[in-house]
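Below is one structure, written out as C-alpha cells; comments come after it.
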Amino acid sequence: MARYNPKDIEPKWRAAWADADVFRVSNDDPRPKYYMLEMFPYPSGNIHMGHVRNYAMGDVVARFRRAQGHAVLHPMGWDAFGMPAENAAMERGVNPKAWTYENIAAMREQLKMLGLSIDWSREFATCDPAYYGKQQAWFLKLMERGLVYRKEATVNWDPVDMTVLANEQVIDGRGWRSDALVEKKKLTQWFLRITDYADDLIEGLATLDRWPDKVRTMQENWIGRSTGLQMTFDFAGGAPADFEAGLEVYTTRPDTLFGASFLGIAPDHPLAEQLSAASPEVAAFIAECRRGGTSEAEIEGAEKLGLDTGLRVAHPFVVGETLPVWIANFILMDYGTGAIFGCPAHDQRDLDFARKYGLPVKAVVLPPDAHSATFMVGSEAYTGPGRIFNSGFLDGLTIEQAKAEAVTRIEAIGKGKGATVYRLRDWGVSRQRYWGCPIPVIHCKACGVVPAPVSQLPIELPDDVTFDKPGNPLLRHPTWRFVPCPACGQAAERETDTLDTFVDSSWYFARFTNPDAVDPIDKAAADRWLPVDQYIGGIEHAVLHLLYARFVTRALKDEGLVSVAEPFAGLFTQGMLTHETYARQSGEWVDPSRVVLETAGNTRRARLADTGEALVIGDIEKMSKSKKNVVAPEEIFEQYGVDAARLFVLSDSPPERDVQWTTGGVEGAGRFVQRVWAEFDSQAEAVAAPVDEDRSDELRRATHKIIKAVTESVDQFKFNSGIARLYEFLNLLKAFPATDGGVVAVRAEALSALARLISPYTPHLAEECWLRMGGEGMVVDAPWPEFDPALTTDSELLLPVQVNGKRRGEIRVPADASELDVREKALADETVSVHLAGLTVRKVIVVPGRIVNIVVG
RNA sequence: GGGGACGUGGCGGAACCGGUAGACGCAGCGGACUUAAAAUCCGUUGGGCUUCACAGCCCGUGUGGGUUCGAUUCCCACCGUCCCCACCA
C-alpha cells in the first residue's frame with residue numbers, strides 16, 4: 001500500500017484537466033445553464049487563505065452542478081484598476097500597468113494551483129483597453145440617456161489618496177482604503193443618477209429570495225426611503241433676498257405641525273450662508289459647527305448648538321403665530337431640504353435643543369393612557385402612539401390619520417405636498433487618479449462637454465507617466481490631454497478624471513458571457529447566461545459593489561443591452577478566515593510559523609520555536625499582515641496538499657461564518673485524504689473471502705443515505721455538515737472491509753459513489769481514486785450519483801421510549817411496524833415497565849419512525 | 001438612538017417540520033506497533049452520583065418564566081456578544 005502523495009498527484013490531474021480543456025464551456029451548449037461566479041480578485045500579487053475559501057466554495061457548487069448535467073459558466077478575471085498600482089509607482093518607481101500585469105501573472109499561477117473548474121478562456125482584466133473601451137461605450141450611451149451629469153458639489157475628499165470618494169466609501173468619516181479623515185471640498189464632478197432607480201432598487205429586493213435577508217435589509221436602509229411632507233413657511237415681516245417664496249422644510253411628522261416651536265436650518269444651508277456674509281456672528285457660528293467630527297463617539301457626545309437668526313416665519317394654520325428661525329448644528333444639508341420644523345415634544349433632538357435654548361415645548365400627541373389636562377413632556381420626547389390634541393382640525397385623529405389630513409390641508413392651501421425622500425445620493429464616479437478608466441469626454445471652450453466619438457474608443461491611458469509629484473499624472477502629461485474638439489475641430493482638452501473602480505466591477509459578470517464581443521455586451525450571450533445563478537463574496541460589499549451592480553444592470557437593461565434587471569439571482573456571503581494571534585512580551589506580533597504550541601491537559605502555551613521564549617496567546621482575529629496571523633497558502637499546499645487545504649476551510653465552520661485556521665484542523669483534513677485513498681487502495685488489492693453473513697443491505701442503505709445527505713448539503717450551502725457525513729461514511733466503510741466476500745459488489749458501488757461525492761471538495765484525490773477503482777474516463781466527467789429514496793431508510797428502527805417525556809429505554813421494531821405493534825412493544829419493554837409500576841397509563845403517543853412517549857399519572 | 005444576527009462540552013461545531021442533545025473534527029486520556037520517537041491503528045472523553053459488575057439515576061443547550069405528552073428548537077422578559085446604520089427631520 002502506497003501513501004498518497006499530493007505533491008505528485010495533484011499537478012498531474014490539473015494538467016490532465018487542462019489538456020482535455022474540460023472546463024471550457026460553449027455559449028451553444030444545449031444543457032441547462034448554470035452561472036457560478038465568485039467576486040473577482042484585486043491582483044495584489046498574492047492569494048491568501050480568504051481567496052482559497054471563497055474560490056473553493058464556488059468550485060464545489062460549480063463542480064456539483066456540472067456533474068448534475070448543467071452547462072456551467074465559471075469564469076475568472078481581475079479587478080485591476082485602483083490605488084495600489086499607483087502607490088507602488090510612487091514608492092518604487094514602477095509602471096502601474098507593468099506592475100499590475102506582473103501581479104496578474106503571478107496570481108493566475110497561484111489560483112490555478114487550487115484546481116478550480118474555471119473556464120480560463122474567458123479571462124480578462126478591467127485594465128485591458130479591450131474591456132474598459134467597452135465600458136466607455138456604454139458610459140456614453142448612459143450619458144445620452146441623461147443618466148450621467150456633471151455638477152459642482154461638496155464632495156468627500158481623501159487627502160491621502162488625493163481623490164474624491166462616494167458616500168458609500170466613507171466609513172466613520174474616513175476613507176475606506178486610506179483610513180484618512182475625509183475633508184469636504186467643492187469640485188465639479190461626474191455623477192450617475194442612481195437615485196432615479198431608488199424605488200426600483202428597493203422594489204427589486206423583494207424578488208431576491210436567494211439573497212441573505214441581512215444584505216437586503218442593509219440595502220433598503222442605505223437607500224433609506226421615507227415619506228412625508230415638503231412644505232413652505234412664509235416669512236413674517238421681511239423675507240431675506242432669494243427667499244421671498246419662503247423657507248422649505250421636510251418632515252415625516254406632519255401630524256405634529258401644531259406642536260412646532262421653531263424652524264431649524266443646516267449651517268451650510270444657502271440662507272445661513274447668505275446671513276453669514278452680513279454677520280460676523282453667524283459666520284463664526286457656522287465655522288464652529290464645521291469643526292465637529294463624524295465618529296460614533298463624537299456624534300454621541302456632541303452638544304446641540306444653535307443660533308437665533310432673528311428671522312421669523314408664520315404658522316400656516318394659526319393666525320398670528322410666528323416661529324423663530326434658528327441655525328442648528330444637528331441639521332444636515334444633504335437630507336431633505338436642509339431645514340426642519342422643530343416639534344420638541346415628540347422628537348428627542350428637538351427637545352434637547354428646545355430645553356437648552358428655552359424654546360416652548362407643546363405636546364400634541366396624547367398617549368392612550370394619558371389625560372390631556374395632566375400630560376407633560378419632561379426630558380424625554382414622546383414618540384409612541386396616541387391621539388392628536390391641542391391641534392385645531394387635527395384633534396382626535398390618530399397619528400396616521402393626522403399625517404394624511406395635514407398633507408391634504410397643506411396641499412389645499414398650496415403650501416406644499418406629500419413627498420418621498422431618499423437617503424441615497426447620486427453616485428459620484430469621478431476620481432482624480434491615473435490608474436482607472438478614462439471618462440471619454442472632451443472639454444471644448446466653444447462647444448462645452450463633447451462626448452468622444454465612438455470610433456475613437458477605447459480612449460487609452462498613456463503609458464509614459466510620472467509619479468514624482470502628487471496629484472493626477474494625466475493632468476501634467478505633455479500631450480495626452482490635448483486633442484481637437486470632435487464637434488468643431490478647435491483645440492480642446494480631454495477629461496482627466498477617471499472612473500471609480502466600482503464602475504469597472506458593476507458589469508464584468510455580463511462581459512464574461514462573451515468577452516470578445518464587439519458590443520459592450522453580446523445580448524444573445526447575456527440572455528443565455530444571466531442572471532448569475534450563484535454569486536459568492538464578502539459581506540463588505542453589501543452596499544457598495546452589490547448596489548452599484550444592481551443599478552448599472554437596470555440602466556443597461558433600459559438601454560437594451562441586457563434583459564435582466566437583477567444581475568445576481570442567488571447571493572452567498574462567506575465568512576472570513578481568522579487565526580489565533582501570538583505576541584512577545586514586548587507586544588511585537590509573531591508569525592505563526594515561528595510558534596510552537598504546547599498542550600498540558602486543557603491549557604495551552606506558545607513558545608518561539610528558535611529561542612523558546614514564552615509568548616502571549618492573543619485573540620482570534622481576521623488574518624491580517626499587521627497582526628502577522630497569516631498563513632501562506634503555498635506553504636500549506638506544499639505541506640498538506642491543495643485538497644486538504646480546500647477541505648479544511650470548508651469543513652470546520654458553516655460557510656457564512658468565520659472559520660479559524662488551525663494546524664490541527666488542516667492535519668485532520670490531510671488524514672482524511674490519506675484514509676480515503678487507503679480505502680480505494682485496499683479494495684483493489686484485497687482478496688475477498690467467503691463469509692457466512694450477507695451484510696450487503698446495510699452498506700447499500702448507508703451508501704444511498706450518504707448520497708442523499710451530501711447532495712442536500714451542497715444544495716443548501718451546508719458544506720461543513722456534508723463533509724462531516726463523508727467522514728462518518730468513511731468510518732462506516734471500515735466495518736465492511738474489502739476482504740469480506742459478502743459485500744464486495746456493494747462496496748464497489750459505495751466507492752464509486754464516494755469518489756464522485758468527494759470530487760467537488762477534493763477533486764485531485766477523487767480523480768486518483770476513480771482511476772484506482774477503474775472508473776470510466778475522469779471523475780470530472782462522471783455524472784453525480786443518484787439515490788433510491790427507498791434505500792435511504794433503515795429496515796429496522798431503534799425507537800426511544802419516553803415516560804412522561806423522559807427517555808427510559810428503547811425498542812427495536814421493523815420500519816413498517818403498525819402503531820399498535822409499536823405501542824404494545826413499548827409498554828411491554830422491561831426497562832420501561834419499571835417506570836410504569838403502580839401508575840395508570842393515560843396516553844401513549846407514537847410518532848412513527850421517531851419516538852414513543854407514555855404519559856402516566 | 002434605530003435595525004439585524006447570535007449564545008450548545010476544553011475548542012470549532014451537529015441536531016430534518018417541536019421528538020434519543022453533543023454527530024463529525026480538533027485537543028485530551030489510555031492502549032497497540034516501535035529499541036525509541038514520529039506516523040499509523042484501536043479504545044475512551046459533558047458534569048455529578050449509585051454499583052464488584054451488568055446497568056441505572058440526577059443535572060445539563062446564557063438567565064427566569066410560559067405553551068406542550070415532549071422545547072437547543074415556539075412565545076414573553078432579562079443578561080451578554082457581534083455586525084450594520086446613524087443628530088436622516
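Following the order of the C-alpha cells, first chain is A, next is B, and so on, with residues numbered from 1 inside each chain and ligands from 1 in the order they appear.
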
Enumerate as a VMD selection string the residues belonging to chain A that approach chain B to within 7 Å, with only C-alpha atoms (C1' of nucleotides) taken into account.
-> chain A and resid 214 218 250 to 252 299 330 335 340 349 423 601 to 602 652 to 653 664 to 665 724 to 725 727 to 728 800 804 to 805 845 850 to 851 853 855

Spatial neighbours of stretch 613-630 of chain A, 9 Å, only C-alpha atoms (C1' of nucleotides), chain gap at least 5 places, as a list in words | His48, Met49, Gly50, Met576, Leu577, Thr578, His579, Glu580, Thr581, Tyr582, Ala583, Arg584, Gln585, Gly587, Glu588, Trp589, Val590, Asp591, Pro592, Ser593, Val595, Arg604, Arg605, Ala606, Arg607, Leu608, Asp658 and Gln660 of chain A

Store the residues of this selection in a file with C-alpha atoms, as a compact mmCIF listing (two decimals), in the first residue's frame.
```txt
# COMPACT_ATOMS: atom_id res chain seq x y z
CA HIS A 48 -4.38 34.44 0.68
CA MET A 49 -6.38 31.87 2.58
CA GLY A 50 -9.53 34.01 2.26
CA MET A 576 -13.67 35.43 6.91
CA LEU A 577 -10.61 33.44 7.80
CA THR A 578 -9.30 34.01 11.28
CA HIS A 579 -6.27 32.84 13.18
CA GLU A 580 -5.05 32.99 16.74
CA THR A 581 -2.56 35.82 17.35
CA TYR A 582 0.77 35.49 19.12
CA ALA A 583 2.85 38.25 20.63
CA ARG A 584 6.13 38.61 22.52
CA GLN A 585 6.08 40.17 25.97
CA GLY A 587 3.97 43.40 22.28
CA GLU A 588 5.60 42.59 18.97
CA TRP A 589 3.40 40.26 16.85
CA VAL A 590 4.85 36.90 15.93
CA ASP A 591 4.29 34.92 12.75
CA PRO A 592 2.51 31.57 13.47
CA SER A 593 5.17 29.68 11.51
CA VAL A 595 5.45 29.46 17.06
CA ARG A 604 -2.07 25.76 26.05
CA ARG A 605 1.21 27.60 25.90
CA ALA A 606 3.03 29.20 23.00
CA ARG A 607 6.80 29.50 22.59
CA LEU A 608 9.12 30.91 20.00
CA ASP A 658 -15.80 32.92 10.14
CA GLN A 660 -10.48 29.68 12.42
```

Alpha helix (DSSP H) residues, from DSSP on the backbone, in stretch 573-641 of chain A, as a list in words | Pro633, Glu634, Glu635, Ile636, Phe637, Glu638, Gln639 and Tyr640 of chain A

May I have the residues from that selection written out with N, CA, C and O atoms, as a JSON list (two decimals), in the first residue's frame?
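Result file is part-v2.json:
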```json
[["chain", "number", "residue", "atom", "x", "y", "z"],
["A", 633, "PRO", "N", -0.78, 30.32, 1.68],
["A", 633, "PRO", "CA", -1.39, 29.17, 1.01],
["A", 633, "PRO", "C", -0.36, 28.24, 0.37],
["A", 633, "PRO", "O", -0.49, 27.01, 0.50],
["A", 634, "GLU", "N", 0.65, 28.82, -0.25],
["A", 634, "GLU", "CA", 1.60, 27.94, -0.96],
["A", 634, "GLU", "C", 2.33, 26.99, -0.01],
["A", 634, "GLU", "O", 2.60, 25.85, -0.34],
["A", 635, "GLU", "N", 2.63, 27.48, 1.21],
["A", 635, "GLU", "CA", 3.30, 26.61, 2.17],
["A", 635, "GLU", "C", 2.37, 25.48, 2.62],
["A", 635, "GLU", "O", 2.80, 24.35, 2.83],
["A", 636, "ILE", "N", 1.10, 25.81, 2.77],
["A", 636, "ILE", "CA", 0.12, 24.80, 3.17],
["A", 636, "ILE", "C", -0.03, 23.75, 2.07],
["A", 636, "ILE", "O", -0.05, 22.55, 2.34],
["A", 637, "PHE", "N", -0.12, 24.22, 0.82],
["A", 637, "PHE", "CA", -0.26, 23.28, -0.30],
["A", 637, "PHE", "C", 0.94, 22.34, -0.33],
["A", 637, "PHE", "O", 0.80, 21.14, -0.55],
["A", 638, "GLU", "N", 2.11, 22.90, -0.12],
["A", 638, "GLU", "CA", 3.36, 22.14, -0.14],
["A", 638, "GLU", "C", 3.33, 21.05, 0.93],
["A", 638, "GLU", "O", 3.70, 19.91, 0.70],
["A", 639, "GLN", "N", 2.84, 21.42, 2.11],
["A", 639, "GLN", "CA", 2.92, 20.51, 3.24],
["A", 639, "GLN", "C", 1.79, 19.48, 3.27],
["A", 639, "GLN", "O", 2.01, 18.30, 3.56],
["A", 640, "TYR", "N", 0.56, 19.95, 3.00],
["A", 640, "TYR", "CA", -0.60, 19.06, 3.16],
["A", 640, "TYR", "C", -1.31, 18.75, 1.86],
["A", 640, "TYR", "O", -2.16, 17.85, 1.81]]
```

Quick one: everything within 7 Å of A:Val450, counting only C-alpha atoms (C1' of nucleotides), minus sequence neighbours fewer than 4 positions away in the same chain. Send it as a PyMOL selection string.
-> chain A and resi 441-443

Please dump the current selection as a short mmCIF file (atom, residue, chain, number, x, y, z; two decimals), in the first residue's frame; keep N, CA, C and O atoms.
```
data_model
loop_
_atom_site.label_atom_id
_atom_site.label_comp_id
_atom_site.auth_asym_id
_atom_site.auth_seq_id
_atom_site.Cartn_x
_atom_site.Cartn_y
_atom_site.Cartn_z
N VAL A 441 -14.77 61.95 -22.48
CA VAL A 441 -15.34 63.21 -22.98
C VAL A 441 -14.22 64.22 -23.19
O VAL A 441 -13.12 64.08 -22.65
N ILE A 442 -14.56 65.24 -23.96
CA ILE A 442 -13.61 66.29 -24.30
C ILE A 442 -14.25 67.63 -23.94
O ILE A 442 -15.44 67.83 -24.17
N HIS A 443 -13.46 68.51 -23.33
CA HIS A 443 -13.95 69.82 -22.96
C HIS A 443 -13.50 70.83 -24.00
O HIS A 443 -12.30 70.97 -24.25
#
```

Would you list the contacts of stretch 555-561 of chain A as a PyMOL selection string, taking every protein, DNA or RNA residue within 8 Å and counting only C-alpha atoms (C1' of nucleotides), but skipping same-chain residues closer than 6 positions in sequence?
-> chain A and resi 138+141-142+521-523

What is the distance between atom CA of A:Leu271 and atom CA of A:Thr322, in Å to one decimal?
->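 Spanning atom CA of A:Leu271 to atom CA of A:Thr322 is a straight-line distance of 18.4 Å.
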
Option closest in space to A:Thr383, from A:Gln348, A:Asn167, A:Gln136, A:Thr309 [counting only C-alpha atoms] = A:Gln348

Just the residues within 12 Å of A:Asp395, please, counting only C-alpha atoms (C1' of nucleotides), with nothing from its chain fewer than 6 positions along; format it as number ranges by chain.
-> A: 255-258, 364-366, 372, 386-389, 401-403, 405-406

Residue subset to file, keeping C-alpha atoms, as a PDB file, in the first residue's frame:
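Generated output (out_35.pdb):
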```
ATOM      1  CA  ASP A 255     -49.206  65.368  12.271  1.00  0.00           C
ATOM      2  CA  THR A 256     -47.165  67.371  14.799  1.00  0.00           C
ATOM      3  CA  LEU A 257     -47.392  70.628  12.866  1.00  0.00           C
ATOM      4  CA  PHE A 258     -49.282  72.355  15.685  1.00  0.00           C
ATOM      5  CA  VAL A 364     -49.790  67.454  20.519  1.00  0.00           C
ATOM      6  CA  VAL A 365     -49.867  63.643  20.688  1.00  0.00           C
ATOM      7  CA  LEU A 366     -51.709  62.215  23.691  1.00  0.00           C
ATOM      8  CA  SER A 372     -54.914  65.909  28.178  1.00  0.00           C
ATOM      9  CA  GLY A 386     -51.788  58.202  20.556  1.00  0.00           C
ATOM     10  CA  ARG A 387     -54.431  60.745  19.549  1.00  0.00           C
ATOM     11  CA  ILE A 388     -53.736  64.264  18.382  1.00  0.00           C
ATOM     12  CA  PHE A 389     -54.787  67.128  20.658  1.00  0.00           C
ATOM     13  CA  GLN A 401     -54.952  59.938  10.063  1.00  0.00           C
ATOM     14  CA  ALA A 402     -53.456  63.254  11.116  1.00  0.00           C
ATOM     15  CA  LYS A 403     -50.461  62.842   8.814  1.00  0.00           C
ATOM     16  CA  GLU A 405     -55.052  65.195   6.893  1.00  0.00           C
ATOM     17  CA  ALA A 406     -52.177  67.637   7.406  1.00  0.00           C
TER      18      ALA A 406
END
```
